[in-house]
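See below for the structure under consideration.
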Amino acid sequence: MNSVTVRNLLVRGMLAGLAAGVLALVVAYFLGEPRVDEAIAFEEAHAHEHGGEELVTRAMQSTGGLSTGVLVYGVAFGGIAALAYCFALGRIGRFGPRASALLLAGAGLVAVYLVPFLKYPANPPAVGDPDTLNQRTALFLLMIVLSVLLAVAAVILGKRLAPRLGNWNATLAAGASFVLAVGLAYAFLPSFSEAPEGFPATLLWQYRLATLAIQVTLWTAYGLVFGLLAERVLAPKPARADEEKAAEGRATPVAH
Amino acid sequence: MAQSAVAQPTVTTPDVPAKLPIGAIAPWAVFLGILMLVLLYFVGAEQGATSLVSGEGVHEWVHDARHLLGFPCH
């Protein structure tokens, strides 16, 4: 039964991720794509022979390609977050299914995107030196892993401190130690500032804000949709439970 | 507040869900978790810093998503 619950939550997590991905895609298309186009226009105006024929046209990149990437990202993080949700459920405090989902999504936004983003912000085309790509990729992924681990550690710390300090102060202490640890990581990891000369600061700012809007949309929608779906799995209303049982061809509800 | 060792749902939190045993989560976490990470790898880093499939097709196809999702692209 428990394994079935995990599977049901996982499937719904991936579906919620897909739904959230669709919303994020809308934001990405309308807020992000115009900035990408502007950045490419800048790149081409200052081209150091970028030429060659295009493997994938811009029209495909900004529609089919963008959709593939954003939706796969949504489904993948939806699944991972659903697994994290299975672990978190009943272990992070007295939160119901929906509140747990929203809290988890908030933590996901902060740990997976916001914290790495503040150190290694998203760059539009034309910004970023190809020679440092390997290093930047490794550090970006390291920052995500580190930030997720620190967030998990902060939650565990908070739980440990709660009996002694009370929930409020334990949460504050755990949050403060997370900020402190992240600050240390920021201080010791190398930074990159690779905007080419003359690249419009406004464009860079708008571009980065757009990437943040995409992520806020993705995680918020995920938290709300998944919370709703998870609640139906975990606490089905009697009528609905009956319907499901009927659908399975069983007339009498079976206690679980 | 609670009298017994068994988690007693109080009036304020009537619907705190039960914990799922780690043993029930672990198999899903291992197989599906890894599959999800592979998907993320293809969206985020394939044919960038590392390359499993030769060429530029994957990179070019997810190019815009990679930029807008915050991954270093080029």
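As shown in the structure tokens, the chain order sets the letters A, B, ...; within each chain, residues go from 1, and ligands are also counted from 1 in the order they appear.
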Polymer residues at most 7 Å from segment 112-120 of chain A, only C-alpha atoms, same-chain spacing of 6 or more positions, as number ranges by chain: A: 140, 143-144, 147-148, 186
Exercise answer, chain B residues close to chain A, 9 Å and only C-alpha atoms, as number ranges by chain: B: 9, 13-26, 28-29, 32-33, 35-40, 42-45, 48-50, 56-57, 60-74
All residues 10 Å or closer to Leu103 of chain A, only C-alpha atoms, same chain fewer than 5 positions away omitted, as a VMD selection string: chain A and resid 85 92 95 98 108 to 109 220 223 to 224 227
Helix (DSSP H, G or I) residues, from DSSP on the backbone, in segment 169-252 of chain A, as a PyMOL selection string: chain A and resi 169-188+201-234+238-247
Selection near Ala162 of chain A, 12 Å with only C-alpha atoms, sequence-local residues under 3 positions removed, as number ranges by chain: A: 92-93, 154-159, 165-174
